[in-house]
file model28.csv (CSV, C-alpha atoms)
chain,number,residue,atom,x,y,z
A,1,MET,CA,0.8,10.3,13.5
A,2,PRO,CA,4.3,9.9,12.1
A,3,VAL,CA,3.4,8.7,8.6
A,4,THR,CA,4.3,10.8,5.7
A,5,LEU,CA,3.8,10.3,1.9
A,6,LEU,CA,6.3,12.4,-0.1
A,7,LYS,CA,6.1,13.4,-3.7
A,8,THR,CA,9.7,14.7,-3.8
A,9,PRO,CA,13.1,13.0,-2.9
A,10,PHE,CA,14.2,12.9,0.7
A,11,ASN,CA,17.6,12.5,2.4
A,12,ALA,CA,17.4,9.5,4.7
A,13,ALA,CA,20.5,10.6,6.7
A,14,GLU,CA,18.8,14.0,7.5
A,15,VAL,CA,15.5,12.3,8.4
A,16,LEU,CA,17.4,9.9,10.8
A,17,GLN,CA,19.3,12.9,12.3
A,18,GLU,CA,16.0,14.7,12.9
A,19,PHE,CA,14.3,11.5,14.3
A,20,THR,CA,17.3,10.9,16.7
A,21,LYS,CA,16.9,14.4,18.0
A,22,GLU,CA,13.2,13.9,18.6
A,23,ALA,CA,13.7,10.5,20.2
A,24,SER,CA,16.2,11.9,22.7
A,25,GLY,CA,16.4,9.7,25.8
A,26,ALA,CA,15.8,6.4,23.9
A,27,GLY,CA,18.6,3.8,24.3
A,28,ALA,CA,18.2,2.3,20.8
A,29,ILE,CA,17.3,3.5,17.4
A,30,VAL,CA,16.9,1.3,14.4
A,31,SER,CA,16.3,2.6,10.9
A,32,PHE,CA,15.8,1.1,7.5
A,33,THR,CA,16.1,2.8,4.1
A,34,GLY,CA,14.8,1.1,1.0
A,35,LEU,CA,16.2,2.3,-2.4
A,36,VAL,CA,14.7,2.0,-5.9
A,37,ARG,CA,16.5,-1.0,-7.4
A,38,ALA,CA,18.2,-0.6,-10.8
A,39,THR,CA,17.2,-4.1,-11.9
A,40,SER,CA,13.8,-5.9,-12.0
A,41,THR,CA,13.2,-9.4,-10.6
A,42,ALA,CA,13.3,-10.6,-14.2
A,43,GLY,CA,16.7,-8.9,-14.7
A,44,GLU,CA,15.6,-5.9,-16.8
A,45,ARG,CA,17.2,-2.5,-16.3
A,46,ILE,CA,14.7,-0.1,-14.6
A,47,THR,CA,14.6,3.4,-15.9
A,48,GLU,CA,11.9,4.8,-13.7
A,49,LEU,CA,9.6,3.6,-10.9
A,50,HIS,CA,6.0,5.0,-10.5
A,51,LEU,CA,4.3,4.6,-7.2
A,52,GLN,CA,0.6,5.3,-6.7
A,53,ALA,CA,-1.3,5.6,-3.4
A,54,TYR,CA,-4.9,6.1,-2.4
A,55,PRO,CA,-5.0,8.8,0.2
A,56,PRO,CA,-6.2,9.0,2.9
A,57,LEU,CA,-6.7,5.2,3.1
A,58,THR,CA,-3.0,4.5,2.4
A,59,GLU,CA,-1.9,6.7,5.4
A,60,THR,CA,-4.6,5.5,7.8
A,61,SER,CA,-3.8,1.9,7.1
A,62,ILE,CA,-0.1,2.5,7.7
A,63,GLU,CA,-1.0,4.4,10.9
A,64,ARG,CA,-2.9,1.3,12.1
A,65,ALA,CA,0.1,-0.9,11.4
A,66,VAL,CA,2.3,1.5,13.4
A,67,GLN,CA,-0.3,1.3,16.3
A,68,LYS,CA,-0.1,-2.5,16.0
A,69,ALA,CA,3.7,-2.5,16.2
A,70,GLN,CA,3.4,-0.3,19.3
A,71,THR,CA,1.2,-2.9,21.0
A,72,LEU,CA,3.6,-5.7,20.1
A,73,TRP,CA,6.8,-4.0,21.2
A,74,THR,CA,7.7,-1.2,23.5
A,75,LEU,CA,8.5,1.7,21.1
A,76,ASP,CA,9.1,5.3,22.2
A,77,ALA,CA,8.8,6.7,18.7
A,78,VAL,CA,8.2,5.5,15.2
A,79,THR,CA,8.4,7.3,11.9
A,80,VAL,CA,7.5,6.1,8.4
A,81,LEU,CA,8.2,8.0,5.2
A,82,HIS,CA,7.2,6.7,1.8
A,83,ARG,CA,7.7,8.2,-1.6
A,84,ILE,CA,4.9,8.4,-4.2
A,85,GLY,CA,5.0,9.5,-7.8
A,86,ASP,CA,7.9,9.1,-10.1
A,87,MET,CA,11.5,8.1,-9.0
A,88,VAL,CA,14.7,6.7,-10.4
A,89,PRO,CA,17.1,3.9,-9.3
A,90,ASP,CA,19.1,4.6,-6.1
A,91,GLU,CA,16.6,7.2,-4.8
A,92,ALA,CA,15.2,6.4,-1.3
A,93,ILE,CA,11.7,5.1,-1.6
A,94,VAL,CA,11.0,4.2,2.0
A,95,PHE,CA,12.4,5.1,5.5
A,96,VAL,CA,11.2,3.4,8.7
A,97,ALA,CA,12.8,4.2,12.1
A,98,ALA,CA,11.9,3.1,15.6
A,99,ALA,CA,13.3,4.3,19.0
A,100,ALA,CA,13.1,2.1,22.0
A,101,LYS,CA,14.7,1.6,25.4
A,102,HIS,CA,16.4,-1.6,24.2
A,103,ARG,CA,17.5,-2.7,20.7
A,104,ARG,CA,15.3,-5.8,20.3
A,105,ASP,CA,12.1,-3.9,20.3
A,106,ALA,CA,13.4,-1.3,17.8
A,107,PHE,CA,14.8,-4.0,15.4
A,108,GLU,CA,11.6,-6.0,15.4
A,109,GLY,CA,9.3,-3.0,15.2
A,110,VAL,CA,11.1,-1.8,12.0
A,111,ASP,CA,11.3,-5.3,10.6
A,112,TYR,CA,7.5,-5.8,11.1
A,113,LEU,CA,6.6,-2.5,9.6
A,114,MET,CA,8.7,-3.2,6.5
A,115,ASP,CA,7.0,-6.5,6.0
A,116,TYR,CA,3.6,-4.8,6.3
A,117,LEU,CA,4.7,-2.1,3.8
A,118,LYS,CA,5.8,-4.7,1.3
A,119,THR,CA,2.7,-6.8,1.4
A,120,GLU,CA,-0.3,-4.9,2.7
A,121,ALA,CA,0.3,-1.1,2.4
A,122,ILE,CA,-1.9,0.4,-0.2
A,123,PHE,CA,0.6,1.3,-3.0
A,124,TRP,CA,0.9,0.2,-6.6
A,125,LYS,CA,4.2,0.1,-8.3
A,126,LYS,CA,4.9,0.3,-12.0
A,127,GLU,CA,8.4,-0.3,-13.3
A,128,ALA,CA,9.4,1.3,-16.6
A,129,TYR,CA,12.1,-0.3,-18.7
A,130,ALA,CA,13.8,0.9,-21.9
A,131,ASP,CA,11.3,-1.1,-23.9
A,132,GLY,CA,8.1,-1.1,-21.9
A,133,ALA,CA,6.5,-1.1,-18.4
A,134,ALA,CA,4.9,-3.5,-15.9
A,135,TRP,CA,2.8,-3.3,-12.7
A,136,ILE,CA,4.6,-5.1,-9.9
A,137,GLU,CA,2.9,-7.3,-7.2
A,138,PRO,CA,4.5,-8.5,-4.0
A,139,ARG,CA,6.8,-11.6,-4.4
A,140,GLY,CA,6.1,-14.9,-2.6
A,141,GLN,CA,9.0,-14.1,-0.3
A,142,ASP,CA,7.4,-10.9,0.8
A,143,TYR,CA,4.3,-12.8,2.0
A,144,THR,CA,6.5,-15.4,3.7
A,145,ASP,CA,8.3,-12.6,5.5
A,146,LYS,CA,5.0,-11.1,6.7
A,147,ALA,CA,3.7,-14.5,7.9
A,148,ARG,CA,6.6,-14.7,10.4
A,149,TRP,CA,4.7,-12.3,12.6
A,150,ALA,CA,1.5,-14.3,12.9
A,151,HIS,CA,3.1,-16.2,15.8
A,152,THR,CA,4.3,-13.0,17.5
A,153,SER,CA,0.8,-11.4,17.3
A,154,SER,CA,-1.1,-14.5,18.6
A,155,LYS,CA,1.4,-15.1,21.4
A,156,LEU,CA,1.0,-11.5,22.6
A,157,GLU,CA,-2.7,-11.5,22.3
A,158,LEU,CA,-2.9,-14.5,24.5
A,159,SER,CA,-0.7,-13.1,27.2
B,1,MET,CA,-23.6,10.1,-8.7
B,2,VAL,CA,-21.3,7.3,-7.7
B,3,LYS,CA,-17.6,7.8,-8.0
B,4,LEU,CA,-15.5,4.9,-9.1
B,5,LEU,CA,-11.7,4.9,-8.8
B,6,PHE,CA,-9.3,2.5,-10.5
B,7,PHE,CA,-5.8,1.9,-9.3
B,8,GLY,CA,-2.6,0.0,-10.3
B,9,LYS,CA,-2.9,-2.3,-13.3
B,10,LEU,CA,-6.7,-1.5,-13.7
B,11,ILE,CA,-5.7,1.9,-15.1
B,12,ASP,CA,-4.7,0.0,-18.2
B,13,HIS,CA,-8.2,-1.5,-18.5
B,14,VAL,CA,-10.3,1.7,-18.2
B,15,ALA,CA,-10.5,4.9,-20.2
B,16,ASP,CA,-10.0,7.1,-17.0
B,17,MET,CA,-8.9,6.3,-13.5
B,18,GLN,CA,-12.0,8.1,-12.2
B,19,MET,CA,-15.6,7.4,-13.4
B,20,ASP,CA,-18.5,9.5,-12.1
B,21,MET,CA,-21.8,8.0,-13.0
B,22,SER,CA,-25.4,7.4,-12.0
B,23,LEU,CA,-25.9,3.8,-11.0
B,24,PRO,CA,-28.2,1.9,-13.3
B,25,GLN,CA,-31.2,0.8,-11.3
B,26,HIS,CA,-30.3,-2.9,-11.3
B,27,VAL,CA,-26.9,-2.3,-9.9
B,28,GLU,CA,-27.5,-2.6,-6.1
B,29,THR,CA,-24.4,-4.5,-4.9
B,30,THR,CA,-20.7,-4.7,-5.5
B,31,ALA,CA,-21.3,-7.9,-7.4
B,32,ASP,CA,-23.7,-6.2,-9.7
B,33,LEU,CA,-21.2,-3.4,-10.2
B,34,ARG,CA,-18.4,-5.7,-11.1
B,35,LEU,CA,-20.6,-7.4,-13.7
B,36,TRP,CA,-21.8,-4.1,-15.1
B,37,LEU,CA,-18.2,-3.0,-15.5
B,38,LYS,CA,-17.3,-6.2,-17.3
B,39,THR,CA,-20.2,-5.9,-19.8
B,40,HIS,CA,-19.3,-2.3,-20.4
B,41,HIS,CA,-15.6,-3.0,-21.0
B,42,ASP,CA,-15.7,-5.6,-23.8
B,43,GLN,CA,-16.4,-8.5,-21.3
B,44,ASP,CA,-13.1,-7.8,-19.6
B,45,GLU,CA,-12.9,-10.4,-16.8
B,46,VAL,CA,-10.4,-8.3,-14.7
B,47,PHE,CA,-13.4,-6.6,-13.0
B,48,LEU,CA,-14.5,-10.0,-11.5
B,49,ASP,CA,-11.0,-10.9,-10.2
B,50,PRO,CA,-11.4,-11.7,-6.5
B,51,SER,CA,-7.8,-10.5,-5.8
B,52,ILE,CA,-9.1,-7.0,-6.6
B,53,ARG,CA,-10.5,-5.7,-3.3
B,54,LEU,CA,-13.0,-2.9,-3.0
B,55,ALA,CA,-13.0,0.1,-0.7
B,56,GLN,CA,-16.3,1.9,-0.1
B,57,ASN,CA,-16.0,5.4,1.2
B,58,ASN,CA,-12.3,4.9,2.2
B,59,ALA,CA,-12.7,1.6,4.0
B,60,ILE,CA,-11.9,-1.9,2.6
B,61,ILE,CA,-15.1,-4.0,2.6
B,62,ALA,CA,-16.2,-7.6,2.6
B,63,GLU,CA,-18.1,-8.5,-0.5
B,64,PRO,CA,-20.8,-8.6,-1.7
B,65,ALA,CA,-22.0,-5.3,-0.2
B,66,LYS,CA,-24.8,-2.9,-0.9
B,67,ILE,CA,-23.9,0.2,-2.7
B,68,SER,CA,-25.6,3.6,-3.0
B,69,ASP,CA,-25.5,6.4,-5.5
B,70,LYS,CA,-23.5,8.6,-3.1
B,71,ASP,CA,-20.6,6.1,-2.6
B,72,GLU,CA,-17.0,6.4,-3.6
B,73,ILE,CA,-15.9,2.9,-4.7
B,74,ALA,CA,-12.2,2.2,-5.3
B,75,PHE,CA,-11.0,-0.9,-7.1
B,76,LEU,CA,-7.7,-2.0,-5.4
B,77,PRO,CA,-5.5,-4.7,-7.1
B,78,PRO,CA,-3.0,-6.5,-5.0
B,79,VAL,CA,-0.8,-4.0,-3.2
B,80,GLY,CA,2.8,-3.6,-2.0
B,81,GLY,CA,5.1,-0.8,-1.4
B,82,GLY,CA,8.6,-0.5,0.2
call {"tool": "encode", "arguments": {"input": "model28.csv", "output": "structure tokens"}}
result
Amino acid sequence: MPVTLLKTPFNAAEVLQEFTKEASGAGAIVSFTGLVRATSTAGERITELHLQAYPPLTETSIERAVQKAQTLWTLDAVTVLHRIGDMVPDEAIVFVAAAAKHRRDAFEGVDYLMDYLKTEAIFWKKEAYADGAAWIEPRGQDYTDKARWAHTSSKLELS
Amino acid sequence: MVKLLFFGKLIDHVADMQMDMSLPQHVETTADLRLWLKTHHDQDEVFLDPSIRLAQNNAIIAEPAKISDKDEIAFLPPVGGG
């Protein structure tokens, strides 16, 4: 399954290039790269981000979300890369790409997976600031974003 | 021996992220285990927090559930990556 947890930095442009090669024949590729923010929600300057996972549950749960996306949309290929460990602002933390025959499936597949990653994927985030550190939980907006798909799932399950 | 794992903010509430121990005889369910942890950590209520889900042998479970001395039990605070 195309789900990878990485302890070291990755180059999103290179990953996309590789994915594009593998997805040869698809009419549309959508990719999303998430970067470590330099400022916390409360406005503090972030010096370092620590991300913890619980393998293999983290990977198997993301794989299930990928399978779910593949039942909701017609996707030729999907890849999910997620950093774990310590990283600094501006480094890529997550990369999701989907290849499909047409753009809508690829756009929505990636959007859905990102909402899953932000609210349900098994990761814990700790931000370090100049004068302390804090564990971060999903924002209300992240749950609202995830809830948008409830309608999509039930509609497709009925049809 | 049961293996207990603590993640996220819980690491700040325990001495070690991993605890290997023999289950006391009266600890038969996840509810017993949560209470036992509370009493052994200065009455720290965090162990009773329902937003902390449990995984038993790498699967998230509905509680309360029976536990055995061979289990790996992970305490999972609210999650979110990206």
call {"tool": "residues_near_point", "arguments": {"input": "model28.csv", "point": "(12.1, 1.8, -5.5)", "cutoff": "9 Å", "atoms": "only C-alpha atoms", "output": "PyMOL selection string"}}
result
(chain A and resi 34-38+48-51+83+87-94+125+127) or (chain B and resi 81-82)
call {"tool": "residues_around", "arguments": {"input": "model28.csv", "residues": "region 54-68 of chain B", "least_positions_apart": "4", "cutoff": "10 Å", "atoms": "all atoms listed in the file", "output": "MDAnalysis selection string"}}
result
(chainID A and resid 54:58 60:61) or (chainID B and resid 1:6 22:23 27:33 50 72:77)
call {"tool": "atom_distance", "arguments": {"input": "model28.csv", "atom1": "CA of Ala106 (chain A)", "atom2": "CA of Asp142 (chain A)"}}
result
20.4 Å
call {"tool": "atom_distance", "arguments": {"input": "model28.csv", "atom1": "CA of Met114 (chain A)", "atom2": "CA of Lys68 (chain A)"}}
result
13.0 Å
call {"tool": "closest_atom_pairs", "arguments": {"input": "model28.csv", "of": "chain A", "to": "chain B", "cutoff": "6 Å", "atoms": "all atoms listed in the file", "output": "CSV"}}
result
residue,atom,partner,partner_atom,distance
A:Leu57,CA,B:Asn58,CA,5.7
A:Val94,CA,B:Gly82,CA,5.6
A:Leu117,CA,B:Gly81,CA,5.4
A:Lys118,CA,B:Gly80,CA,4.6
A:Thr119,CA,B:Gly80,CA,4.7
A:Glu120,CA,B:Gly80,CA,5.8
A:Ala121,CA,B:Gly80,CA,5.6
A:Ile122,CA,B:Val79,CA,5.4
A:Phe123,CA,B:Gly81,CA,5.2
A:Trp124,CA,B:Gly8,CA,5.1
A:Trp135,CA,B:Lys9,CA,5.8
A:Pro138,CA,B:Gly80,CA,5.6
call {"tool": "residues_near_point", "arguments": {"input": "model28.csv", "point": "(12.3, -4.0, 24.1)", "cutoff": "12 Å", "atoms": "all atoms listed in the file", "output": "VMD selection string"}}
result
chain A and resid 26 to 30 69 to 76 98 to 109
call {"tool": "atom_distance", "arguments": {"input": "model28.csv", "atom1": "CA of Glu14 (chain A)", "atom2": "CA of Pro2 (chain A)"}}
result
15.8 Å
call {"tool": "residues_around", "arguments": {"input": "model28.csv", "residues": "region 42-46 of chain B", "least_positions_apart": "5", "cutoff": "9 Å", "atoms": "all atoms listed in the file", "output": "VMD selection string"}}
result
chain B and resid 10 13 35 37 52
call {"tool": "closest_residue", "arguments": {"input": "model28.csv", "among": "A:Tyr112, A:Tyr129, A:Trp149, A:Phe19", "to": "Val66 (chain A)", "atoms": "only C-alpha atoms"}}
result
A:Tyr112
call {"tool": "closest_residue", "arguments": {"input": "model28.csv", "among": "A:Phe32, A:Thr47, A:Phe10, A:Lys21", "to": "Ala128 (chain A)", "atoms": "only C-alpha atoms"}}
result
A:Thr47
